[in-house]
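Engineer: So that you have it, the file is structure_29.pdb, and it contains PDB, C-alpha atoms:
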ATOM      1  CA  GLY O  41      12.916 -26.333  -5.639
ATOM      2  CA  ARG O  42       9.144 -26.865  -5.351
ATOM      3  CA  PRO O  43       6.680 -25.534  -7.981
ATOM      4  CA  LEU O  44       4.350 -23.831  -5.499
ATOM      5  CA  VAL O  45       1.710 -21.159  -6.075
ATOM      6  CA  ARG O  46       0.233 -19.102  -3.235
ATOM      7  CA  ALA O  47      -3.020 -17.131  -3.366
ATOM      8  CA  ALA O  48      -3.702 -14.699  -0.512
ATOM      9  CA  ILE O  49      -6.963 -12.802   0.053
ATOM     10  CA  SER O  50      -6.970 -10.331   2.949
ATOM     11  CA  LYS O  51      -8.800  -7.565   4.733
ATOM     12  CA  VAL O  52      -6.287  -5.041   6.056
ATOM     13  CA  ASP O  53      -7.318  -2.963   9.062
ATOM     14  CA  LEU O  54      -5.341   0.234   8.684
ATOM     15  CA  PRO O  55      -6.469   3.022  11.065
ATOM     16  CA  GLY O  56      -9.067   5.058   9.198
ATOM     17  CA  TYR O  57      -8.225   3.332   5.936
ATOM     18  CA  PRO O  58      -9.385  -0.311   5.762
ATOM     19  CA  LEU O  59      -8.741  -2.010   2.443
ATOM     20  CA  GLY O  60      -8.794  -5.299   0.607
ATOM     21  CA  ALA O  61      -5.523  -6.779  -0.596
ATOM     22  CA  GLY O  62      -4.664  -9.905  -2.517
ATOM     23  CA  SER O  63      -1.868 -11.595  -4.380
ATOM     24  CA  VAL O  64      -1.049 -14.597  -6.518
ATOM     25  CA  ALA O  65       2.611 -15.541  -6.287
ATOM     26  CA  VAL O  66       4.950 -18.333  -7.344
ATOM     27  CA  ALA O  67       7.784 -19.747  -5.260
ATOM     28  CA  ALA O  68      11.183 -18.354  -6.222
ATOM     29  CA  HIS O  69      14.819 -18.305  -5.103
ATOM     30  CA  HIS O  70      17.433 -15.578  -5.390
ATOM     31  CA  GLY O  71      20.714 -14.768  -3.707
ATOM     32  CA  GLY O  72      20.488 -17.635  -1.252
ATOM     33  CA  HIS O  73      16.936 -16.725  -0.212
ATOM     34  CA  ASP O  74      13.715 -18.646  -0.758
ATOM     35  CA  GLY O  75      10.708 -16.404  -1.300
ATOM     36  CA  TRP O  76       7.788 -15.517  -3.537
ATOM     37  CA  TYR O  77       7.439 -13.695  -6.848
ATOM     38  CA  PRO O  78       3.949 -12.094  -7.050
ATOM     39  CA  LEU O  79       2.341 -12.111 -10.495
ATOM     40  CA  VAL O  80      -0.585  -9.856  -9.593
ATOM     41  CA  MET O  81      -1.606  -7.965  -6.456
ATOM     42  CA  PRO O  82      -5.165  -6.561  -6.564
ATOM     43  CA  MET O  83      -5.873  -3.663  -4.188
ATOM     44  CA  THR O  84      -9.187  -1.950  -3.475
ATOM     45  CA  HIS O  85      -7.752   1.562  -2.990
ATOM     46  CA  GLU O  86      -5.413   3.656  -5.099
ATOM     47  CA  ARG O  87      -3.366   4.767  -2.102
ATOM     48  CA  ALA O  88      -2.173   1.205  -1.477
ATOM     49  CA  LEU O  89      -1.600   0.636  -5.169
ATOM     50  CA  ILE O  90       0.536   3.730  -5.756
ATOM     51  CA  GLY O  91       2.649   3.359  -2.629
ATOM     52  CA  GLY O  92       3.451  -0.284  -3.264
ATOM     53  CA  ARG O  93       4.212   0.122  -6.957
ATOM     54  CA  GLU O  94       6.254   3.306  -6.763
ATOM     55  CA  VAL O  95       8.213   2.499  -3.601
ATOM     56  CA  PHE O  96       8.731  -1.268  -3.762
ATOM     57  CA  GLY O  97       7.896  -2.122  -7.377
ATOM     58  CA  GLU O  98       4.950  -4.338  -6.410
ATOM     59  CA  PRO O  99       2.764  -5.427  -9.386
ATOM     60  CA  LYS O 100      -0.403  -3.938  -7.898
ATOM     61  CA  LYS O 101      -3.621  -3.237  -9.799
ATOM     62  CA  LEU O 102      -6.975  -1.850  -8.713
ATOM     63  CA  GLY O 103      -9.522  -4.615  -8.234
ATOM     64  CA  GLU O 104     -12.122  -6.226  -6.015
ATOM     65  CA  VAL O 105     -11.104  -8.161  -2.919
ATOM     66  CA  VAL O 106     -14.017  -9.840  -1.140
ATOM     67  CA  ILE O 107     -14.171 -12.075   1.931
ATOM     68  CA  GLU O 108     -17.582 -13.340   3.083
ATOM     69  CA  ARG O 109     -18.077 -15.517   6.144
ATOM     70  CA  ASP O 110     -21.336 -17.039   7.398
ATOM     71  CA  GLY O 111     -20.554 -19.037  10.509
ATOM     72  CA  GLY O 112     -18.067 -21.656   9.428
ATOM     73  CA  VAL O 113     -18.590 -21.155   5.686
ATOM     74  CA  VAL O 114     -16.197 -18.848   3.817
ATOM     75  CA  ARG O 115     -16.192 -17.477   0.276
ATOM     76  CA  ALA O 116     -13.411 -15.159  -0.860
ATOM     77  CA  TYR O 117     -12.313 -13.950  -4.254
ATOM     78  CA  LEU O 118     -10.103 -11.595  -6.271
ATOM     79  CA  ALA O 119     -11.797  -9.957  -9.257
ATOM     80  CA  ARG O 120     -10.982  -7.493 -12.009
ATOM     81  CA  HIS O 121     -12.999  -6.434 -15.052
ATOM     82  CA  GLY O 122     -15.959  -8.463 -13.795
ATOM     83  CA  ILE O 123     -14.026 -11.745 -13.586
ATOM     84  CA  ALA O 124     -13.367 -13.461 -10.253
ATOM     85  CA  PHE O 125     -10.096 -14.986 -11.442
ATOM     86  CA  VAL O 126      -9.313 -16.520  -8.029
ATOM     87  CA  GLU O 127     -12.036 -17.832  -5.730
ATOM     88  CA  VAL O 128     -11.749 -19.798  -2.490
ATOM     89  CA  ARG O 129     -14.774 -21.604  -1.052
ATOM     90  CA  GLY O 130     -14.761 -23.811   1.992
ATOM     91  CA  ALA O 131     -15.541 -24.586   5.599
ATOM     92  CA  VAL O 132     -13.476 -23.588   8.618
ATOM     93  CA  GLY O 133     -12.078 -26.521  10.583
ATOM     94  CA  GLY O 134     -10.029 -26.885  13.724
ATOM     95  CA  GLU O 135      -7.516 -24.412  15.073
ATOM     96  CA  LEU O 136      -3.873 -24.871  14.148
ATOM     97  CA  PRO O 137      -0.793 -24.270  16.322
ATOM     98  CA  LEU O 138       0.445 -20.699  15.972
ATOM     99  CA  PRO O 139       3.789 -20.447  14.188
ATOM    100  CA  PRO O 140       6.480 -18.234  15.713
ATOM    101  CA  PRO O 141       7.125 -14.798  14.181
ATOM    102  CA  ALA O 142       8.870 -15.267  10.853
ATOM    103  CA  ASP O 143      10.446 -13.262   8.047
ATOM    104  CA  LYS O 144       9.188 -13.913   4.517
ATOM    105  CA  ILE O 145      10.646 -12.448   1.332
ATOM    106  CA  ASP O 146       8.885 -11.235  -1.796
ATOM    107  CA  PHE O 147      10.855 -10.405  -4.947
ATOM    108  CA  TYR O 148       9.878  -7.396  -7.078
ATOM    109  CA  PHE O 149      11.219  -5.638 -10.160
ATOM    110  CA  LYS O 150      11.072  -1.856  -9.848
ATOM    111  CA  PHE O 151      11.183   0.173 -13.048
ATOM    112  CA  LEU O 152       9.926   3.287 -14.841
ATOM    113  CA  PRO O 153       8.728   3.036 -18.466
ATOM    114  CA  GLY O 154      10.715   5.278 -20.799
ATOM    115  CA  VAL O 155       9.482   8.803 -21.514
ATOM    116  CA  ASP O 156       9.881   8.184 -25.263
ATOM    117  CA  GLY O 157       7.536   5.190 -25.068
ATOM    118  CA  THR O 158      10.211   2.510 -25.390
ATOM    119  CA  GLY O 159      12.223   0.665 -22.757
ATOM    120  CA  PHE O 160      12.975   2.225 -19.396
ATOM    121  CA  ASP O 161      14.193   5.591 -18.124
ATOM    122  CA  ALA O 162      16.901   3.840 -16.082
ATOM    123  CA  ASP O 163      18.070   0.311 -15.402
ATOM    124  CA  PRO O 164      15.423  -1.690 -13.492
ATOM    125  CA  VAL O 165      16.313  -3.003 -10.043
ATOM    126  CA  LEU O 166      15.512  -6.220  -8.202
ATOM    127  CA  VAL O 167      14.017  -5.621  -4.749
ATOM    128  CA  HIS O 168      13.955  -7.987  -1.789
ATOM    129  CA  CYS O 169      10.969  -7.068   0.390
ATOM    130  CA  THR O 170      11.102  -8.707   3.813
ATOM    131  CA  ARG O 171       7.867  -9.042   5.787
ATOM    132  CA  THR O 172       7.876  -9.935   9.460
ATOM    133  CA  GLU O 173       4.654 -11.818  10.211
ATOM    134  CA  LYS O 174       3.136 -12.421  13.636
ATOM    135  CA  VAL O 175       0.135 -14.764  13.565
ATOM    136  CA  ARG O 176      -2.631 -14.263  16.161
ATOM    137  CA  LYS O 177      -5.170 -16.839  14.951
ATOM    138  CA  LEU O 178      -4.932 -19.740  12.524
ATOM    139  CA  ALA O 179      -7.387 -22.431  11.456
ATOM    140  CA  ALA O 180      -7.520 -25.079   8.768
ATOM    141  CA  MET O 181     -10.098 -25.002   5.980
ATOM    142  CA  SER O 182     -11.495 -27.671   3.702
ATOM    143  CA  GLY O 183     -12.682 -26.534   0.293
ATOM    144  CA  ASP O 184     -11.669 -25.568  -3.208
ATOM    145  CA  VAL O 185      -9.592 -22.955  -5.010
ATOM    146  CA  LEU O 186     -10.989 -21.970  -8.401
ATOM    147  CA  LEU O 187      -8.940 -20.244 -11.112
ATOM    148  CA  ARG O 188     -10.921 -18.630 -13.929
ATOM    149  CA  GLU O 189      -9.749 -17.505 -17.346
ATOM    150  CA  SER O 190      -8.930 -13.799 -17.563
ATOM    151  CA  ALA O 191      -7.147 -12.015 -20.387
ATOM    152  CA  TYR O 192      -5.868  -9.412 -17.922
ATOM    153  CA  ASP O 193      -4.810 -11.707 -15.055
ATOM    154  CA  PRO O 194      -4.081 -15.103 -16.628
ATOM    155  CA  VAL O 195      -3.271 -17.032 -13.453
ATOM    156  CA  ALA O 196      -5.496 -19.881 -14.709
ATOM    157  CA  ASP O 197      -2.563 -20.732 -16.998
ATOM    158  CA  LEU O 198      -0.715 -22.084 -13.945
ATOM    159  CA  PRO O 199      -1.064 -25.895 -13.850
ATOM    160  CA  VAL O 200      -2.803 -27.156 -10.698
ATOM    161  CA  ARG O 201      -1.336 -30.500  -9.677
ATOM    162  CA  ARG O 202      -2.810 -30.635  -6.182
ATOM    163  CA  LEU O 203      -4.139 -28.367  -3.459
ATOM    164  CA  VAL O 204      -1.554 -28.172  -0.671
ATOM    165  CA  GLU O 205      -3.582 -26.390   2.027
ATOM    166  CA  ILE O 206      -6.136 -23.680   2.780
ATOM    167  CA  THR O 207      -5.954 -21.696   6.014
ATOM    168  CA  ILE O 208      -7.727 -18.705   7.518
ATOM    169  CA  GLY O 209      -6.324 -16.486  10.235
ATOM    170  CA  GLU O 210      -5.298 -13.119  11.582
ATOM    171  CA  LYS O 211      -1.808 -11.667  11.574
ATOM    172  CA  SER O 212       0.141  -8.441  11.763
ATOM    173  CA  THR O 213       2.953  -7.604   9.356
ATOM    174  CA  ASP O 214       5.568  -4.965   8.750
ATOM    175  CA  GLN O 215       7.828  -4.740   5.737
ATOM    176  CA  ARG O 216      11.135  -3.312   4.649
ATOM    177  CA  GLY O 217      12.768  -3.431   1.268
ATOM    178  CA  ARG O 218      16.228  -3.179  -0.223
ATOM    179  CA  VAL O 219      17.656  -3.049  -3.722
ATOM    180  CA  VAL O 220      19.909  -6.049  -4.264
ATOM    181  CA  GLU O 221      21.057  -5.580  -7.874
ATOM    182  CA  ARG O 222      20.558  -3.840 -11.192
ATOM    183  CA  VAL O 223      18.745  -5.830 -13.867
ATOM    184  CA  SER O 224      19.317  -6.023 -17.620
ATOM    185  CA  PRO O 225      16.600  -3.916 -19.311
ATOM    186  CA  GLN O 226      16.627  -6.201 -22.355
ATOM    187  CA  ALA O 227      16.107  -9.287 -20.189
ATOM    188  CA  LEU O 228      13.220  -7.804 -18.200
ATOM    189  CA  LEU O 229      11.323  -5.936 -20.929
ATOM    190  CA  PRO O 230       9.429  -8.961 -22.360
ATOM    191  CA  TYR O 231       7.897  -9.677 -18.942
ATOM    192  CA  VAL O 232       6.722  -6.317 -17.641
ATOM    193  CA  HIS O 233       3.332  -6.565 -19.359
ATOM    194  CA  GLN O 234       1.968  -8.304 -16.228
ATOM    195  CA  ARG O 235       1.779  -4.890 -14.550
ATOM    196  CA  TYR O 236      -0.551  -3.453 -17.193
ATOM    197  CA  ASP O 237      -3.871  -4.454 -18.720
ATOM    198  CA  ASP O 238      -2.642  -3.491 -22.179
ATOM    199  CA  ALA O 239       0.188  -5.814 -23.085
ATOM    200  CA  LEU O 240       1.487  -3.338 -25.681
ATOM    201  CA  GLN O 241       1.625  -0.395 -23.277
ATOM    202  CA  ILE O 242       5.278  -0.875 -22.421
ATOM    203  CA  VAL O 243       6.366  -0.903 -26.091
ATOM    204  CA  ASP O 244       4.016   1.700 -27.570
ATOM    205  CA  GLY O 245       5.966   4.684 -28.801
ATOM    206  CA  PRO O 246       4.562   8.208 -29.170
ATOM    207  CA  PRO O 247       2.353   8.676 -32.244
ATOM    208  CA  GLU O 248       3.905  10.348 -35.268
ATOM    209  CA  GLY O 249       3.777  14.109 -35.128
ATOM    210  CA  SER O 250       3.215  14.216 -31.362
ATOM    211  CA  VAL O 251       4.952  16.832 -29.265
TER     212      VAL O 251
END
Starting from the file, lay out its structure as structure tokens.
Structural biologist:
Amino acid sequence: GRPLVRAAISKVDLPGYPLGAGSVAVAAHHGGHDGWYPLVMPMTHERALIGGREVFGEPKKLGEVVIERDGGVVRAYLARHGIAFVEVRGAVGGELPLPPPADKIDFYFKFLPGVDGTGFDADPVLVHCTRTEKVRKLAAMSGDVLLRESAYDPVADLPVRRLVEITIGEKSTDQRGRVVERVSPQALLPYVHQRYDDALQIVDGPPEGSV
């Protein structure tokens, strides 16, 4: 209903395993639920990447996730292959009222590329991943969001009509997923390149004479 894009840049404090996590997602609707469809999800560690992709079907890739704060000035960015394709720069303002705990849904396609180098090994599935968020701190920010050209993460192709808001805060989340339906392989295949840096990877067959 609204053409929204959300960029999130986070430090995640897992016991003994802190990591950086980010996402760029577009607003979406499915099965009576409003949610978000992530286009790319950079992670700083392979453990987070593998678990999210193989269990939930999240479009995660290894990348840089940086948040720098000097007093009230913040700079944060998501980068891959030397390109900071999303950067947020701004100043922290006043505190905002804390929202109540809420459930938010992300939509993912889970699939396995075919062993023979074409299509999939089985029908892809559409996953609803529900995250329960509890916000501890929340403040407004004034600043800018910059999108830079990247052949591997082309989020700069999204038209920017206006900046809705920038916030900074702390929250805890837990997530649970469920498969809601099978998906047509033919319908999904043209769009799975977003998960790989090589757009031809999903359609490359084995070379002639290979065993």
Engineer: Got a sec: who's within 9 Å of O:Ala124, counting only C-alpha atoms, leaving out chain neighbours fewer than 4 positions off, as a PDB file with C-alpha atoms, keeping the file's coordinate frame?
Structural biologist:
ATOM      1  CA  GLU O 104     -12.122  -6.226  -6.015  1.00  0.00           C
ATOM      2  CA  TYR O 117     -12.313 -13.950  -4.254  1.00  0.00           C
ATOM      3  CA  LEU O 118     -10.103 -11.595  -6.271  1.00  0.00           C
ATOM      4  CA  ALA O 119     -11.797  -9.957  -9.257  1.00  0.00           C
ATOM      5  CA  ARG O 120     -10.982  -7.493 -12.009  1.00  0.00           C
ATOM      6  CA  LEU O 187      -8.940 -20.244 -11.112  1.00  0.00           C
ATOM      7  CA  ARG O 188     -10.921 -18.630 -13.929  1.00  0.00           C
ATOM      8  CA  GLU O 189      -9.749 -17.505 -17.346  1.00  0.00           C
ATOM      9  CA  SER O 190      -8.930 -13.799 -17.563  1.00  0.00           C
TER      10      SER O 190
END
Engineer: Check the smallest atom-to-atom distance from each of O:Val64, O:Leu54, O:Ile123, O:Ala142 to O:Met81 using only C-alpha atoms, then report the winner.
Structural biologist: O:Val64
Engineer: Starting from the PyMOL selection byres ((chain O and resi 174) around 8), expand the selection into actual residues of this file and give them as a PyMOL selection string.
Structural biologist: chain O and resi 140-142+172-173+175-176+211-213
Engineer: Can you work out which one of O:Leu79, O:Leu89, O:Val185, O:Val232 has the shortest atom-to-atom distance to O:Arg129, counting only C-alpha atoms?
Structural biologist: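 Counting only C-alpha atoms, the residue closest to O:Arg129 is O:Val185.
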Engineer: Nearest to O:Pro78 among O:Cys169, O:His121, O:Ala162, O:Ala116, with distances taken over only C-alpha atoms: which residue is it?
Structural biologist: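 The answer is O:Cys169, which sits nearest to O:Pro78.
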Engineer: Expressed in Å to a single decimal, how great is the separation between atom CA of O:Thr158 and atom CA of O:Ile90?
Structural biologist: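 Those two atoms sit 21.9 Å apart.
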Engineer: I'd like to see the residues matched by the PyMOL selection byres ((chain O and resi 56-61) around 9) on this file, and ideally I'd get them as a count of residues only.
Structural biologist: 22
Engineer: Of the candidates O:Glu94, O:Phe149, O:Arg218, O:Lys100, which shows the shortest atom-to-atom distance to O:Val165, using all atoms listed in the file?
Structural biologist: O:Phe149
Engineer: To one decimal place in Å, what is the distance between atom CA of O:Ser182 and atom CA of O:Ala67?
Structural biologist: 22.7 Å
Engineer: Taking the file as shown, what set of residues would the PyMOL selection byres ((chain O and resi 221-224) around 12) give back, as a PDB file with C-alpha atoms, keeping the file's coordinate frame?
Structural biologist:
ATOM      1  CA  HIS O  70      17.433 -15.578  -5.390  1.00  0.00           C
ATOM      2  CA  GLY O  71      20.714 -14.768  -3.707  1.00  0.00           C
ATOM      3  CA  PHE O 147      10.855 -10.405  -4.947  1.00  0.00           C
ATOM      4  CA  TYR O 148       9.878  -7.396  -7.078  1.00  0.00           C
ATOM      5  CA  PHE O 149      11.219  -5.638 -10.160  1.00  0.00           C
ATOM      6  CA  LYS O 150      11.072  -1.856  -9.848  1.00  0.00           C
ATOM      7  CA  PHE O 151      11.183   0.173 -13.048  1.00  0.00           C
ATOM      8  CA  GLY O 159      12.223   0.665 -22.757  1.00  0.00           C
ATOM      9  CA  PHE O 160      12.975   2.225 -19.396  1.00  0.00           C
ATOM     10  CA  ALA O 162      16.901   3.840 -16.082  1.00  0.00           C
ATOM     11  CA  ASP O 163      18.070   0.311 -15.402  1.00  0.00           C
ATOM     12  CA  PRO O 164      15.423  -1.690 -13.492  1.00  0.00           C
ATOM     13  CA  VAL O 165      16.313  -3.003 -10.043  1.00  0.00           C
ATOM     14  CA  LEU O 166      15.512  -6.220  -8.202  1.00  0.00           C
ATOM     15  CA  VAL O 167      14.017  -5.621  -4.749  1.00  0.00           C
ATOM     16  CA  HIS O 168      13.955  -7.987  -1.789  1.00  0.00           C
ATOM     17  CA  ARG O 218      16.228  -3.179  -0.223  1.00  0.00           C
ATOM     18  CA  VAL O 219      17.656  -3.049  -3.722  1.00  0.00           C
ATOM     19  CA  VAL O 220      19.909  -6.049  -4.264  1.00  0.00           C
ATOM     20  CA  PRO O 225      16.600  -3.916 -19.311  1.00  0.00           C
ATOM     21  CA  GLN O 226      16.627  -6.201 -22.355  1.00  0.00           C
ATOM     22  CA  ALA O 227      16.107  -9.287 -20.189  1.00  0.00           C
ATOM     23  CA  LEU O 228      13.220  -7.804 -18.200  1.00  0.00           C
ATOM     24  CA  LEU O 229      11.323  -5.936 -20.929  1.00  0.00           C
ATOM     25  CA  PRO O 230       9.429  -8.961 -22.360  1.00  0.00           C
TER      26      PRO O 230
END
Engineer: For O:Val45, which residue out of O:Val204, O:Leu102, O:Ile145, O:Leu152 is the nearest one, using all atoms listed in the file?
Structural biologist: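 The closest residue to O:Val45 is O:Val204.
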Engineer: Tell me which of O:Val155, O:Val195, O:Val128, O:Leu186 sits closest to O:Ala65, counting all atoms listed in the file.
Structural biologist: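 When distances to O:Ala65 are compared using all atoms listed in the file, the smallest one comes from O:Val195.
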Engineer: Between atom CA of O:Arg202 and atom CA of O:Arg42, what is the distance in Å, rounded to a tenth?
Structural biologist: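 Result for atom CA of O:Arg202 versus atom CA of O:Arg42: 12.6 Å, one decimal.
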Engineer: Would you compute an axis-aligned box for stretch 142-159 of chain O, covering every atom listed for it in the file with 8 Å of margin on each side, and report centre and edge lengths in Å to one decimal as lines of an AutoDock Vina configuration file?
Structural biologist:
center_x = 9.9
center_y = -3.2
center_z = -7.3
size_x = 20.7
size_y = 40.1
size_z = 52.2
Engineer: Restore N, CA, C and O atoms in stretch 201-223 of chain O and list the result as a short mmCIF file (atom, residue, chain, number, x, y, z; two decimals), keeping the file's coordinate frame.
Structural biologist:
data_model
loop_
_atom_site.label_atom_id
_atom_site.label_comp_id
_atom_site.auth_asym_id
_atom_site.auth_seq_id
_atom_site.Cartn_x
_atom_site.Cartn_y
_atom_site.Cartn_z
N ARG O 201 -1.60 -29.07 -9.86
CA ARG O 201 -1.34 -30.50 -9.68
C ARG O 201 -2.06 -31.04 -8.45
O ARG O 201 -2.63 -32.12 -8.47
N ARG O 202 -2.04 -30.26 -7.37
CA ARG O 202 -2.81 -30.64 -6.18
C ARG O 202 -2.92 -29.42 -5.28
O ARG O 202 -2.11 -28.49 -5.37
N LEU O 203 -3.94 -29.43 -4.43
CA LEU O 203 -4.14 -28.37 -3.46
C LEU O 203 -3.36 -28.72 -2.19
O LEU O 203 -3.60 -29.77 -1.59
N VAL O 204 -2.41 -27.86 -1.82
CA VAL O 204 -1.55 -28.17 -0.67
C VAL O 204 -2.29 -27.91 0.64
O VAL O 204 -2.38 -28.78 1.50
N GLU O 205 -2.85 -26.70 0.80
CA GLU O 205 -3.58 -26.39 2.03
C GLU O 205 -4.36 -25.09 1.84
O GLU O 205 -4.04 -24.27 0.98
N ILE O 206 -5.41 -24.94 2.66
CA ILE O 206 -6.14 -23.68 2.78
C ILE O 206 -6.22 -23.35 4.26
O ILE O 206 -6.57 -24.22 5.08
N THR O 207 -5.86 -22.13 4.62
CA THR O 207 -5.95 -21.70 6.01
C THR O 207 -6.64 -20.34 6.08
O THR O 207 -6.70 -19.60 5.09
N ILE O 208 -7.15 -20.01 7.26
CA ILE O 208 -7.73 -18.70 7.52
C ILE O 208 -7.20 -18.23 8.87
O ILE O 208 -7.03 -19.04 9.79
N GLY O 209 -6.90 -16.94 8.98
CA GLY O 209 -6.32 -16.49 10.24
C GLY O 209 -6.25 -14.98 10.32
O GLY O 209 -6.77 -14.25 9.47
N GLU O 210 -5.57 -14.53 11.37
CA GLU O 210 -5.30 -13.12 11.58
C GLU O 210 -3.81 -12.97 11.87
O GLU O 210 -3.22 -13.77 12.59
N LYS O 211 -3.22 -11.90 11.34
CA LYS O 211 -1.81 -11.67 11.57
C LYS O 211 -1.51 -10.19 11.43
O LYS O 211 -2.28 -9.42 10.84
N SER O 212 -0.39 -9.79 11.97
CA SER O 212 0.14 -8.44 11.76
C SER O 212 1.45 -8.57 11.00
O SER O 212 2.19 -9.55 11.15
N THR O 213 1.72 -7.58 10.14
CA THR O 213 2.95 -7.60 9.36
C THR O 213 3.57 -6.22 9.29
O THR O 213 2.87 -5.21 9.38
N ASP O 214 4.88 -6.19 9.15
CA ASP O 214 5.57 -4.96 8.75
C ASP O 214 6.58 -5.35 7.68
O ASP O 214 6.97 -6.52 7.58
N GLN O 215 6.95 -4.40 6.84
CA GLN O 215 7.83 -4.74 5.74
C GLN O 215 8.92 -3.70 5.55
O GLN O 215 8.76 -2.53 5.91
N ARG O 216 10.00 -4.17 4.98
CA ARG O 216 11.14 -3.31 4.65
C ARG O 216 11.76 -3.87 3.38
O ARG O 216 11.81 -5.09 3.17
N GLY O 217 12.22 -2.99 2.53
CA GLY O 217 12.77 -3.43 1.27
C GLY O 217 14.19 -2.95 1.06
O GLY O 217 14.64 -1.99 1.68
N ARG O 218 14.89 -3.61 0.15
CA ARG O 218 16.23 -3.18 -0.22
C ARG O 218 16.50 -3.58 -1.66
O ARG O 218 16.04 -4.63 -2.14
N VAL O 219 17.23 -2.75 -2.36
CA VAL O 219 17.66 -3.05 -3.72
C VAL O 219 18.87 -3.96 -3.65
O VAL O 219 19.86 -3.64 -2.98
N VAL O 220 18.80 -5.09 -4.34
CA VAL O 220 19.91 -6.05 -4.26
C VAL O 220 20.77 -6.05 -5.52
O VAL O 220 21.95 -6.42 -5.46
N GLU O 221 20.21 -5.65 -6.68
CA GLU O 221 21.06 -5.58 -7.87
C GLU O 221 20.32 -4.86 -9.01
O GLU O 221 19.09 -4.75 -9.00
N ARG O 222 21.11 -4.38 -9.96
CA ARG O 222 20.56 -3.84 -11.19
C ARG O 222 20.23 -4.99 -12.13
O ARG O 222 20.87 -6.04 -12.09
N VAL O 223 19.23 -4.77 -12.99
CA VAL O 223 18.74 -5.83 -13.87
C VAL O 223 18.89 -5.39 -15.32
O VAL O 223 18.69 -4.21 -15.64
#
